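Participant: Okay, so here is my_file.txt, and as you'll see once you scroll down, it has compact mmCIF, C-alpha atoms.
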```txt
# COMPACT_ATOMS: atom_id res chain seq x y z
CA ASP G 250 -13.24 0.24 4.39
CA ALA G 251 -12.17 -2.54 6.73
CA LYS G 252 -9.63 -1.48 9.36
CA THR G 253 -6.46 -3.49 9.84
CA THR G 254 -4.10 -3.89 12.77
CA GLN G 255 -0.53 -5.07 12.23
CA PRO G 256 2.55 -5.03 14.49
CA ASN G 257 4.80 -2.08 13.75
CA SER G 258 7.89 -4.25 13.33
CA MET G 259 9.23 -7.78 13.56
CA GLU G 260 12.71 -9.24 13.50
CA SER G 261 13.84 -12.55 12.14
CA ASN G 262 17.06 -14.41 11.54
CA GLU G 263 17.99 -15.31 8.02
CA GLU G 264 16.60 -18.65 6.81
CA GLU G 265 14.07 -18.80 9.65
CA PRO G 266 10.31 -18.55 9.11
CA VAL G 267 8.48 -15.29 9.69
CA HIS G 268 4.82 -15.15 10.69
CA LEU G 269 3.19 -11.76 10.12
CA PRO G 270 -0.23 -11.37 11.75
CA CYS G 271 -3.00 -9.06 10.62
CA ASN G 272 -6.30 -8.34 12.32
CA HIS G 273 -9.14 -7.26 10.03
CA SER G 274 -12.18 -7.84 12.21
CA THR G 275 -14.47 -5.50 10.19
CA ILE G 276 -13.83 -7.20 6.85
CA SER G 277 -16.90 -7.84 4.71
CA GLY G 278 -17.75 -11.15 3.12
CA THR G 279 -16.61 -10.22 -0.39
CA ASP G 280 -13.33 -8.48 0.47
CA TYR G 281 -10.24 -10.32 -0.67
CA ILE G 282 -7.25 -10.15 1.66
CA HIS G 283 -4.22 -8.86 -0.19
CA TRP G 284 -0.64 -8.63 1.01
CA TYR G 285 1.86 -6.29 -0.59
CA ARG G 286 5.39 -5.47 0.43
CA GLN G 287 7.55 -2.44 -0.16
CA LEU G 288 11.30 -2.77 -0.31
CA PRO G 289 13.36 0.33 0.54
CA SER G 290 13.03 3.08 -2.07
CA GLN G 291 10.76 1.00 -4.30
CA GLY G 292 7.10 0.81 -5.16
CA PRO G 293 4.91 -1.80 -3.48
CA GLU G 294 4.87 -5.27 -4.97
CA TYR G 295 2.22 -7.95 -4.74
CA VAL G 296 2.89 -10.89 -2.45
CA ILE G 297 -0.27 -12.97 -2.19
CA HIS G 298 -4.03 -12.76 -1.77
CA GLY G 299 -6.93 -14.97 -0.71
CA LEU G 300 -10.63 -15.01 0.14
CA THR G 301 -11.36 -17.91 2.48
CA SER G 302 -8.94 -20.75 1.87
CA ASN G 303 -5.26 -20.81 2.71
CA VAL G 304 -3.07 -19.93 -0.27
CA ASN G 305 0.49 -20.73 -1.27
CA ASN G 306 2.72 -19.27 -3.94
CA ARG G 307 6.44 -19.10 -4.60
CA MET G 308 6.87 -16.10 -2.32
CA ALA G 309 4.78 -16.95 0.73
CA SER G 310 1.79 -18.66 2.28
CA LEU G 311 -1.37 -17.00 3.53
CA ALA G 312 -3.33 -18.53 6.37
CA ILE G 313 -6.85 -17.09 6.79
CA ALA G 314 -8.80 -17.64 9.98
CA GLU G 315 -12.08 -19.47 9.64
CA ASP G 316 -14.05 -16.36 10.67
CA ARG G 317 -11.89 -14.24 8.30
CA LYS G 318 -11.23 -11.69 11.02
CA SER G 319 -7.50 -12.29 10.90
CA SER G 320 -4.83 -13.68 8.63
CA THR G 321 -1.15 -14.54 8.80
CA LEU G 322 1.44 -14.14 6.09
CA ILE G 323 4.16 -16.76 6.33
CA LEU G 324 7.60 -16.33 4.82
CA HIS G 325 8.99 -19.82 5.05
CA ARG G 326 12.71 -18.99 4.98
CA ALA G 327 13.49 -15.32 5.35
CA THR G 328 16.32 -13.90 3.27
CA LEU G 329 17.96 -10.50 3.50
CA ARG G 330 15.99 -9.51 0.42
CA ASP G 331 12.74 -10.02 2.36
CA ALA G 332 13.49 -7.01 4.57
CA ALA G 333 10.59 -4.69 3.72
CA VAL G 334 7.36 -3.19 4.99
CA TYR G 335 4.51 -5.68 4.61
CA TYR G 336 0.97 -4.39 4.17
CA CYS G 337 -2.19 -6.39 4.82
CA ILE G 338 -5.06 -4.94 2.77
CA PRO G 339 -8.71 -6.03 2.60
CA PHE G 340 -9.64 -5.11 -0.95
CA LYS G 341 -13.14 -4.07 -1.87
CA ALA G 342 -13.54 -3.71 -5.61
CA ALA G 343 -16.50 -1.38 -5.22
CA GLY G 344 -14.13 1.16 -3.70
CA ASN G 345 -11.65 0.35 -6.44
CA LYS G 346 -8.65 1.13 -4.30
CA LEU G 347 -6.09 -0.45 -2.03
CA THR G 348 -6.05 1.22 1.39
CA PHE G 349 -2.58 1.03 2.86
CA GLY G 350 -2.21 1.17 6.64
CA GLY G 351 1.08 1.44 8.48
CA GLY G 352 2.24 -2.11 7.71
CA THR G 353 4.83 -4.23 9.52
CA ARG G 354 8.50 -3.48 9.03
CA VAL G 355 10.40 -6.78 8.82
CA LEU G 356 14.07 -6.79 9.72
CA VAL G 357 16.12 -9.83 8.74
CA LYS G 358 19.37 -10.44 10.57
CA PRO G 359 22.16 -12.39 8.90
CA ASN O 152 7.69 -5.71 -21.10
CA ALA O 153 8.56 -2.71 -18.91
CA GLY O 154 5.45 -2.90 -16.69
CA VAL O 155 4.63 0.49 -15.18
CA THR O 156 7.02 3.35 -15.93
CA GLN O 157 7.06 6.82 -14.39
CA THR O 158 8.83 10.03 -15.32
CA PRO O 159 10.58 11.93 -13.92
CA LYS O 160 12.31 9.99 -11.12
CA PHE O 161 13.09 13.13 -9.13
CA GLN O 162 11.85 16.71 -9.26
CA VAL O 163 12.39 19.85 -7.22
CA LEU O 164 9.81 22.61 -7.55
CA LYS O 165 9.34 26.02 -6.03
CA THR O 166 6.03 26.86 -4.40
CA GLY O 167 3.51 27.89 -7.04
CA GLN O 168 5.19 26.11 -9.95
CA SER O 169 3.30 23.54 -11.96
CA MET O 170 4.34 20.16 -13.30
CA THR O 171 2.96 16.96 -14.76
CA LEU O 172 3.96 13.49 -13.63
CA GLN O 173 3.78 10.92 -16.38
CA CYS O 174 2.81 7.26 -16.06
CA ALA O 175 2.56 4.57 -18.71
CA GLN O 176 1.84 0.84 -18.62
CA ASP O 177 2.34 -1.78 -21.33
CA MET O 178 0.19 -4.55 -19.86
CA ASN O 179 -3.05 -3.55 -21.62
CA HIS O 180 -4.63 -2.76 -18.25
CA ASN O 181 -7.90 -0.87 -17.99
CA SER O 182 -7.52 0.56 -14.48
CA MET O 183 -4.82 2.99 -13.41
CA TYR O 184 -4.12 4.76 -10.11
CA TRP O 185 -2.09 7.58 -8.59
CA TYR O 186 -0.99 7.29 -4.94
CA ARG O 187 1.18 9.47 -2.75
CA GLN O 188 3.36 8.31 0.12
CA ASP O 189 4.57 10.72 2.79
CA PRO O 190 7.63 9.78 4.88
CA GLY O 191 6.96 6.86 7.22
CA MET O 192 3.36 6.49 6.05
CA GLY O 193 1.35 4.14 3.90
CA LEU O 194 0.14 5.04 0.40
CA ARG O 195 -2.96 7.16 -0.09
CA LEU O 196 -5.02 7.20 -3.28
CA ILE O 197 -5.17 10.55 -5.11
CA TYR O 198 -7.14 9.68 -8.27
CA TYR O 199 -7.94 6.60 -10.26
CA SER O 200 -9.20 5.76 -13.72
CA ALA O 201 -11.31 2.62 -14.01
CA SER O 202 -11.11 2.69 -17.79
CA GLU O 203 -10.05 4.92 -20.67
CA GLY O 204 -12.07 8.10 -20.61
CA THR O 205 -13.06 7.96 -16.93
CA THR O 206 -11.44 9.39 -13.82
CA ASP O 207 -12.55 9.52 -10.18
CA LYS O 208 -11.33 11.14 -7.00
CA GLY O 209 -9.62 9.10 -4.35
CA GLU O 210 -8.85 9.90 -0.73
CA VAL O 211 -6.67 13.02 -1.23
CA PRO O 212 -7.50 14.71 -4.59
CA ASN O 213 -7.20 18.38 -3.60
CA GLY O 214 -4.48 20.24 -5.49
CA TYR O 215 -4.24 17.65 -8.27
CA ASN O 216 -5.74 16.99 -11.68
CA VAL O 217 -5.44 13.91 -13.84
CA SER O 218 -5.77 12.97 -17.48
CA ARG O 219 -6.27 9.50 -18.89
CA LEU O 220 -4.67 10.27 -22.23
CA ASN O 221 -5.27 6.81 -23.68
CA LYS O 222 -5.36 3.26 -22.38
CA ARG O 223 -1.61 3.25 -21.70
CA GLU O 224 -1.06 6.66 -20.12
CA PHE O 225 -2.35 8.36 -16.99
CA SER O 226 -0.85 11.71 -15.98
CA LEU O 227 -1.01 13.65 -12.72
CA ARG O 228 -0.78 17.45 -12.75
CA LEU O 229 0.06 19.83 -9.93
CA GLU O 230 -1.21 23.23 -11.03
CA SER O 231 0.33 25.26 -8.20
CA ALA O 232 2.70 23.19 -6.09
CA ALA O 233 2.72 23.58 -2.30
CA PRO O 234 5.25 22.29 0.27
CA SER O 235 2.53 19.93 1.57
CA GLN O 236 2.74 18.12 -1.76
CA THR O 237 6.32 17.02 -1.06
CA SER O 238 5.99 13.27 -1.29
CA VAL O 239 6.75 10.18 -3.32
CA TYR O 240 4.17 9.57 -6.04
CA PHE O 241 3.39 6.07 -7.27
CA CYS O 242 1.40 5.09 -10.30
CA ALA O 243 -0.23 1.65 -10.47
CA SER O 244 -2.35 -0.35 -12.87
CA THR O 245 -4.52 -3.45 -12.85
CA GLY O 246 -6.58 -5.32 -15.39
CA GLN O 247 -10.17 -4.49 -14.45
CA GLY O 248 -9.90 -3.26 -10.87
CA ARG O 249 -11.58 -6.42 -9.58
CA GLU O 250 -11.05 -7.55 -6.01
CA TRP O 251 -8.95 -10.58 -6.92
CA GLU O 252 -6.57 -8.74 -9.22
CA THR O 253 -3.02 -7.63 -8.54
CA GLN O 254 -1.99 -4.00 -8.75
CA TYR O 255 1.37 -3.34 -10.41
CA PHE O 256 3.29 -0.31 -9.20
CA GLY O 257 5.83 1.93 -10.86
CA PRO O 258 9.14 2.91 -9.24
CA GLY O 259 7.85 6.27 -8.03
CA THR O 260 8.56 9.97 -8.55
CA ARG O 261 10.20 11.79 -5.64
CA LEU O 262 8.95 15.36 -5.48
CA LEU O 263 10.32 18.12 -3.27
CA VAL O 264 8.46 21.43 -3.15
CA LEU O 265 10.42 24.28 -1.60
```
How would this structure read if it were set down as structure tokens?
Facilitator:
Amino acid sequence: DAKTTQPNSMESNEEEPVHLPCNHSTISGTDYIHWYRQLPSQGPEYVIHGLTSNVNNRMASLAIAEDRKSSTLILHRATLRDAAVYYCIPFKAAGNKLTFGGGTRVLVKP
Amino acid sequence: NAGVTQTPKFQVLKTGQSMTLQCAQDMNHNSMYWYRQDPGMGLRLIYYSASEGTTDKGEVPNGYNVSRLNKREFSLRLESAAPSQTSVYFCASTGQGREWETQYFGPGTRLLVL
């Protein structure tokens, strides 16, 4: 499985953008890059995923480096509800599992 | 549409006791998963079922058994609980287990083994 490196924690002020980096230098060509987040005392929830092109949805944007060795999750305007642990996960269907690393704990200050 | 449901929400066991954690999904998904999450850690896969009638070991299967009862239900059994199995257990499901699909998680079962 591809290894990932994420900062342990990041802080942001409410309504400011948050850029969460992830290094996945050993990713293979067919692995999709998934991002999940886990709010306190809840199960993980899907945020966004992509393969090569940048992706946008109602929750966030995903910027993928041209060499696919890194990606950045962008929360455009952080709210208090966005305080969670964010996991970057290269997903290989052949392994049929999501491998969760330590993630980045995002703190949002009012 | 309840998504993924898990029972019970909380459980306290004594060492050596057995129990079954229940999971059900109403999204007509083929693939289902059991993960455990220890305090301050990421999730680790225990077992998964790619489709009804099949099960496979994940990263940490020792001490657990699973049953894919039907397409909706996937149970996790602890035959003889140990303190090392104190954890939060999450069930998840996805359509076909393909690399572009989303996994949907249940709310978790918090298990304490004394």
Participant: Residues of chain G within 12 Å of chain O, using all atoms listed in the file, as a ChimeraX atom specification?
Facilitator: /G:250,257,278-300,334-354
Participant: Could you check how far atom CA of Trp185 of chain O sits from atom CA of Leu229 of chain O, in Å to one decimal?
Facilitator: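 Those two atoms sit 12.5 Å apart.
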Participant: Taking all atoms of segment 322-340 of chain G that the file lists and extending 5 Å past them on each side, where is the centre of the axis-aligned box and how long are its edges? Answer in Å to one decimal, as AutoDock Vina command-line options.
Facilitator:
```
--center_x 4.2 --center_y -11.5 --center_z 2.7 --size_x 37.6 --size_y 26.6 --size_z 17.3
```
Participant: My list of candidates is G:Lys318, G:Gln255, G:Arg307, G:Glu260. Which is closest to Thr275 of chain G when distances are computed with all atoms listed in the file?
Facilitator: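 Nearest candidate to Thr275 of chain G out of G:Lys318, G:Gln255, G:Arg307, G:Glu260: G:Lys318.
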Participant: So which one's closest to Thr245 of chain O, O:Gly204, O:Gly154, O:Pro212, O:Gly167? Using only C-alpha atoms, please.
Facilitator: O:Gly154
Participant: Need to verify the contact set: Leu262 of chain O, 10 Å, only C-alpha atoms, exclusion of same-chain residues closer than 4 positions in sequence. Can you return it as a list in words?
Facilitator: Pro159, Lys160, Phe161, Gln162, Val163, Leu164, Leu172, Pro234, Gln236, Thr237, Ser238, Val239 and Tyr240 of chain O
Participant: Take the residues from that selection and put them in a file with C-alpha atoms, as a JSON list (two decimals), in the coordinates of the input.
Facilitator:
```json
[["chain", "number", "residue", "atom", "x", "y", "z"],
["O", 159, "PRO", "CA", 10.58, 11.93, -13.92],
["O", 160, "LYS", "CA", 12.31, 9.99, -11.12],
["O", 161, "PHE", "CA", 13.09, 13.13, -9.13],
["O", 162, "GLN", "CA", 11.85, 16.71, -9.26],
["O", 163, "VAL", "CA", 12.39, 19.85, -7.22],
["O", 164, "LEU", "CA", 9.81, 22.61, -7.55],
["O", 172, "LEU", "CA", 3.96, 13.49, -13.63],
["O", 234, "PRO", "CA", 5.25, 22.29, 0.27],
["O", 236, "GLN", "CA", 2.74, 18.12, -1.76],
["O", 237, "THR", "CA", 6.32, 17.02, -1.06],
["O", 238, "SER", "CA", 5.99, 13.27, -1.29],
["O", 239, "VAL", "CA", 6.75, 10.18, -3.32],
["O", 240, "TYR", "CA", 4.17, 9.57, -6.04]]
```
Participant: What's around Asn216 of chain O at 9 Å? Count all atoms listed in the file, leave out sequence neighbours fewer than 2 positions away in its own chain, and write the answer as a VMD selection string.
Facilitator: chain O and resid 198 212 to 214 218 226 to 230
Participant: What is the atom CA of Cys174 of chain O-atom CA of Thr156 of chain O distance in Å, reported with one decimal?
Facilitator: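 Those two atoms sit 5.7 Å apart.
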Participant: At what distance in Å, to one decimal, does atom CA of Gly246 of chain O lie from atom CA of Asn306 of chain G?
Facilitator: 20.3 Å
Participant: Would you kindly return, as an MDAnalysis selection string, each protein, DNA or RNA residue with an atom no farther than 7 Å from any atom of segment 220-222 of chain O, considering all atoms listed in the file and excluding same-chain residues fewer than 2 positions away?
Facilitator: chainID O and resid 181 203 218 224:225
Participant: For segment 156-167 of chain O, where the input has fewer atoms than it should, I would like all heavy atoms rebuilt and written as a JSON list (two decimals), in the coordinates of the input.
Facilitator:
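Done, and the output landed in rebuild-v4.json:
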```json
[["chain", "number", "residue", "atom", "x", "y", "z"],
["O", 156, "THR", "N", 5.90, 2.42, -15.94],
["O", 156, "THR", "CA", 7.02, 3.35, -15.93],
["O", 156, "THR", "C", 6.53, 4.73, -15.53],
["O", 156, "THR", "O", 5.40, 5.12, -15.84],
["O", 156, "THR", "CB", 7.71, 3.43, -17.30],
["O", 156, "THR", "OG1", 6.73, 3.80, -18.29],
["O", 156, "THR", "CG2", 8.31, 2.08, -17.67],
["O", 157, "GLN", "N", 7.39, 5.48, -14.85],
["O", 157, "GLN", "CA", 7.06, 6.82, -14.39],
["O", 157, "GLN", "C", 8.21, 7.77, -14.72],
["O", 157, "GLN", "O", 9.37, 7.41, -14.60],
["O", 157, "GLN", "CB", 6.84, 6.85, -12.87],
["O", 157, "GLN", "CG", 5.64, 6.07, -12.40],
["O", 157, "GLN", "CD", 5.44, 6.20, -10.89],
["O", 157, "GLN", "OE1", 5.37, 5.20, -10.18],
["O", 157, "GLN", "NE2", 5.35, 7.42, -10.39],
["O", 158, "THR", "N", 7.83, 8.98, -15.11],
["O", 158, "THR", "CA", 8.83, 10.03, -15.32],
["O", 158, "THR", "C", 8.30, 11.34, -14.75],
["O", 158, "THR", "O", 7.08, 11.59, -14.79],
["O", 158, "THR", "CB", 9.15, 10.24, -16.81],
["O", 158, "THR", "OG1", 7.92, 10.51, -17.52],
["O", 158, "THR", "CG2", 9.84, 9.03, -17.40],
["O", 159, "PRO", "N", 9.16, 12.19, -14.17],
["O", 159, "PRO", "CA", 10.58, 11.93, -13.92],
["O", 159, "PRO", "C", 10.77, 11.08, -12.66],
["O", 159, "PRO", "O", 9.82, 10.78, -11.97],
["O", 159, "PRO", "CB", 11.13, 13.34, -13.70],
["O", 159, "PRO", "CG", 9.99, 14.06, -13.03],
["O", 159, "PRO", "CD", 8.73, 13.52, -13.67],
["O", 160, "LYS", "N", 12.01, 10.71, -12.36],
["O", 160, "LYS", "CA", 12.31, 9.99, -11.12],
["O", 160, "LYS", "C", 12.38, 10.96, -9.94],
["O", 160, "LYS", "O", 11.97, 10.62, -8.83],
["O", 160, "LYS", "CB", 13.63, 9.23, -11.25],
["O", 160, "LYS", "CG", 13.59, 8.02, -12.14],
["O", 160, "LYS", "CD", 14.89, 7.26, -12.07],
["O", 160, "LYS", "CE", 14.83, 5.93, -12.78],
["O", 160, "LYS", "NZ", 14.48, 6.04, -14.20],
["O", 161, "PHE", "N", 12.94, 12.12, -10.17],
["O", 161, "PHE", "CA", 13.09, 13.13, -9.13],
["O", 161, "PHE", "C", 12.70, 14.49, -9.69],
["O", 161, "PHE", "O", 12.89, 14.74, -10.87],
["O", 161, "PHE", "CB", 14.54, 13.23, -8.62],
["O", 161, "PHE", "CG", 15.11, 11.95, -8.10],
["O", 161, "PHE", "CD1", 15.87, 11.14, -8.92],
["O", 161, "PHE", "CD2", 14.88, 11.57, -6.79],
["O", 161, "PHE", "CE1", 16.41, 9.95, -8.44],
["O", 161, "PHE", "CE2", 15.42, 10.38, -6.31],
["O", 161, "PHE", "CZ", 16.18, 9.57, -7.15],
["O", 162, "GLN", "N", 12.18, 15.35, -8.84],
["O", 162, "GLN", "CA", 11.85, 16.71, -9.26],
["O", 162, "GLN", "C", 11.87, 17.62, -8.05],
["O", 162, "GLN", "O", 11.36, 17.25, -6.99],
["O", 162, "GLN", "CB", 10.49, 16.75, -9.94],
["O", 162, "GLN", "CG", 10.12, 18.09, -10.52],
["O", 162, "GLN", "CD", 10.93, 18.45, -11.76],
["O", 162, "GLN", "OE1", 11.10, 17.64, -12.66],
["O", 162, "GLN", "NE2", 11.45, 19.66, -11.78],
["O", 163, "VAL", "N", 12.45, 18.80, -8.24],
["O", 163, "VAL", "CA", 12.39, 19.85, -7.22],
["O", 163, "VAL", "C", 11.63, 21.02, -7.81],
["O", 163, "VAL", "O", 11.94, 21.47, -8.92],
["O", 163, "VAL", "CB", 13.80, 20.31, -6.78],
["O", 163, "VAL", "CG1", 13.69, 21.42, -5.73],
["O", 163, "VAL", "CG2", 14.60, 19.14, -6.23],
["O", 164, "LEU", "N", 10.62, 21.48, -7.11],
["O", 164, "LEU", "CA", 9.81, 22.61, -7.55],
["O", 164, "LEU", "C", 9.83, 23.71, -6.50],
["O", 164, "LEU", "O", 10.02, 23.43, -5.31],
["O", 164, "LEU", "CB", 8.35, 22.19, -7.76],
["O", 164, "LEU", "CG", 7.99, 21.25, -8.90],
["O", 164, "LEU", "CD1", 6.48, 20.97, -8.85],
["O", 164, "LEU", "CD2", 8.38, 21.85, -10.23],
["O", 165, "LYS", "N", 9.58, 24.92, -6.96],
["O", 165, "LYS", "CA", 9.34, 26.02, -6.03],
["O", 165, "LYS", "C", 7.84, 26.16, -5.83],
["O", 165, "LYS", "O", 7.04, 25.82, -6.72],
["O", 165, "LYS", "CB", 9.92, 27.32, -6.58],
["O", 165, "LYS", "CG", 11.44, 27.29, -6.69],
["O", 165, "LYS", "CD", 11.95, 28.62, -7.23],
["O", 165, "LYS", "CE", 13.48, 28.58, -7.33],
["O", 165, "LYS", "NZ", 14.02, 29.83, -7.91],
["O", 166, "THR", "N", 7.45, 26.65, -4.68],
["O", 166, "THR", "CA", 6.03, 26.86, -4.40],
["O", 166, "THR", "C", 5.39, 27.68, -5.51],
["O", 166, "THR", "O", 5.93, 28.71, -5.92],
["O", 166, "THR", "CB", 5.86, 27.59, -3.06],
["O", 166, "THR", "OG1", 6.37, 26.74, -2.02],
["O", 166, "THR", "CG2", 4.41, 27.89, -2.77],
["O", 167, "GLY", "N", 4.24, 27.18, -6.00],
["O", 167, "GLY", "CA", 3.51, 27.89, -7.04],
["O", 167, "GLY", "C", 3.81, 27.40, -8.45],
["O", 167, "GLY", "O", 3.03, 27.68, -9.37]]
```
